[in-house]
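What follows is one structure encoded as structure tokens, with my remarks underneath.
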Amino acid sequence: MIIKLIIILLVLILVFVLLESARENRGLRITKYYIESEKISSGLKIAVISDLHNRLCGKNNRVLIDAVAKISPDLVLVAGDTINNEKPMVSDNAQNLLIALSREYKVFCVNGNHEQFLKSKPDGNAYFQEYKKNLENHGISYLENGMFTWNDEVDIYGFETAVEVYRRFSYGNKIGDSYVSDRLGAPDRSKYNILLSHTPVYFDSYADWGADLTVSGHLHGGLIRLPFLGGVISPQCVLFPKYDAGLYQKNGSNMAVSRGTGSHTLNIRVCNHPEVLELEIKNKRG
């Protein structure tokens, strides 16, 4: 009798998870964070999209486009996993979205693990390079360990780790003190340095390098979120990852981690709505 009750309970939990995931995956929210900096004189508003996974959010991604329009950002940062590392290789939804956004805003992209795994394969790399070229032809800046000067106050960096850090159970692997600077060089610390990096795992290294703001995703909010505990599991199959979603600080450096807008492999979301981030950076008055 007890075994039957346990089985019934497990089935009910599974049904709840599946139904709730289906409901949450159909929605989209805007999550807003305020950040202050003495390096910003007149303010800066950023929209963040992460982990789209070639998803459609409304017809022709209208819901997502309207969410960005509601934010009315100065720029749009796309934090990777916009497409999927799988066959058939399809990216129409992602490309159409980014191109549509590029008509209204300046858009910056970095690679996530899916793009990195894709371009590590001969046939996948050819497809990826065509995808990237098409975006760049529409004025989108694709930063693969590169930098873009936004204005006299702001530099934007796109950081890409070695693909091995995304292997299963690799969450927590250390990187050397010079790992970031070896790839990006030293930042101008008199400017406000924005670092766009798919994985949030190395926040300590990003902050030490000189990032005033890091923008990340990758963890999909931990799939299932529990009160007081946060996200349950990372894509690397690590339980209760440290940086799952939200705004984090270290020694004056901030990191915004998005729960993402799409999903892949395990299409599960419980208490973990898809989101677009709105980051408003204001002058910190002394």
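Ligands are numbered from 1 in the order shown, residues from 1 within each chain, and chains are lettered A, B, ... in the order they appear in the structure tokens.
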Please identify all polymer residues within 7 Å of Tyr34 of chain A, counting only C-alpha atoms, omitting same-chain residues fewer than 5 positions from it, and present them as a compact mmCIF listing (two decimals) with N, CA and C atoms, in the first residue's frame.
```
# COMPACT_ATOMS: atom_id res chain seq x y z
N LEU A 279 18.16 46.19 -17.87
CA LEU A 279 19.18 46.73 -16.98
C LEU A 279 19.26 48.23 -17.17
N GLU A 280 19.00 48.96 -16.11
CA GLU A 280 19.09 50.41 -16.17
C GLU A 280 20.26 50.87 -15.30
N ILE A 281 21.26 51.43 -15.96
CA ILE A 281 22.47 51.87 -15.26
C ILE A 281 22.41 53.39 -15.11
```
Can you tell me which residues surround Ala67 of chain A at a distance of at most 8 Å, considering only C-alpha atoms, apart from same-chain residues fewer than 2 positions away, and format the answer as a list in words?
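Answer for this query is Arg29, Ile30, Val63, Leu64, Ile65, Ala69, Lys70, Ile71 and Val276 of chain A.
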With C-alpha atoms retained, export the selected residues as a tab-separated table (two decimals), in the first residue's frame.
```tsv
chain	number	residue	atom	x	y	z
A	29	ARG	CA	8.38	38.36	-18.43
A	30	ILE	CA	10.58	41.43	-18.18
A	63	VAL	CA	6.00	38.72	-28.11
A	64	LEU	CA	9.77	38.93	-27.66
A	65	ILE	CA	10.14	41.88	-30.04
A	69	ALA	CA	10.29	47.57	-27.49
A	70	LYS	CA	8.65	48.07	-24.10
A	71	ILE	CA	12.11	48.35	-22.54
A	276	VAL	CA	14.11	39.32	-20.92
```
Using only C-alpha atoms, the residue out of A:Gly217, A:Gly230, A:Gly222, A:Gly158 with shortest distance to Asn193 of chain A is A:Gly158
How close does segment 24-119 of chain A get to segment 251-261 of chain A? List, as a tab-separated table, each residue of segment 24-119 of chain A within 9 Å, its nearest atom pair and the distance in Å to one decimal, counting only C-alpha atoms.
```
residue	atom	partner	partner_atom	distance
A:Asn25	CA	A:Thr261	CA	8.3
A:Leu28	CA	A:Thr261	CA	7.2
A:Thr31	CA	A:Ser258	CA	8.9
A:Tyr33	CA	A:Ala256	CA	8.3
A:Ile35	CA	A:Asn254	CA	8.0
A:Ser37	CA	A:Gly252	CA	8.9
A:Val48	CA	A:Ser258	CA	7.6
A:Ile49	CA	A:Gly260	CA	6.7
A:Ser50	CA	A:Gly260	CA	4.7
A:Asp51	CA	A:Gly260	CA	4.8
A:Leu52	CA	A:Thr261	CA	5.1
A:His53	CA	A:Thr261	CA	8.1
A:Arg55	CA	A:Thr261	CA	7.8
A:Cys57	CA	A:Thr261	CA	8.3
A:Leu64	CA	A:Thr261	CA	8.7
A:Ala79	CA	A:Ser258	CA	8.7
```
Please, which residues of segment 132-262 of chain A, numbered as in this document, come out helix (DSSP H, G or I) from DSSP, as an MDAnalysis selection string?
chainID A and resid 132:137 163:166 179:184 203:209 220:222
C-alpha atoms of the current selection, written as a PDB file, in the first residue's frame:
```pdb
ATOM      1  CA  LYS A 132      27.376  34.786 -38.242  1.00  0.00           C
ATOM      2  CA  LYS A 133      28.145  36.515 -41.549  1.00  0.00           C
ATOM      3  CA  ASN A 134      24.455  37.063 -42.218  1.00  0.00           C
ATOM      4  CA  LEU A 135      24.002  38.728 -38.829  1.00  0.00           C
ATOM      5  CA  GLU A 136      27.067  40.925 -39.314  1.00  0.00           C
ATOM      6  CA  ASN A 137      25.773  41.959 -42.738  1.00  0.00           C
ATOM      7  CA  VAL A 163      34.454  24.695 -24.970  1.00  0.00           C
ATOM      8  CA  GLU A 164      35.608  22.088 -22.434  1.00  0.00           C
ATOM      9  CA  VAL A 165      34.148  24.093 -19.535  1.00  0.00           C
ATOM     10  CA  TYR A 166      30.695  23.113 -20.771  1.00  0.00           C
ATOM     11  CA  TYR A 179      42.646  33.583 -18.444  1.00  0.00           C
ATOM     12  CA  VAL A 180      40.372  36.518 -19.269  1.00  0.00           C
ATOM     13  CA  SER A 181      43.112  39.069 -19.983  1.00  0.00           C
ATOM     14  CA  ASP A 182      44.931  36.581 -22.233  1.00  0.00           C
ATOM     15  CA  ARG A 183      41.842  36.587 -24.450  1.00  0.00           C
ATOM     16  CA  LEU A 184      40.631  40.163 -24.129  1.00  0.00           C
ATOM     17  CA  PHE A 203      32.287  35.802 -11.998  1.00  0.00           C
ATOM     18  CA  ASP A 204      35.231  36.158  -9.615  1.00  0.00           C
ATOM     19  CA  SER A 205      37.638  36.170 -12.569  1.00  0.00           C
ATOM     20  CA  TYR A 206      35.450  38.585 -14.543  1.00  0.00           C
ATOM     21  CA  ALA A 207      35.325  41.005 -11.609  1.00  0.00           C
ATOM     22  CA  ASP A 208      39.065  40.758 -10.974  1.00  0.00           C
ATOM     23  CA  TRP A 209      39.744  41.391 -14.673  1.00  0.00           C
ATOM     24  CA  HIS A 220      18.211  28.445 -17.548  1.00  0.00           C
ATOM     25  CA  GLY A 221      17.519  29.531 -13.989  1.00  0.00           C
ATOM     26  CA  GLY A 222      18.314  26.061 -12.682  1.00  0.00           C
TER      27      GLY A 222
END
```
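Using only C-alpha atoms, the shortest contact distance between Asp66 of chain A and any of A:Arg26, A:Ala47, A:Asn145, A:Ala245 is found at A:Ala47.
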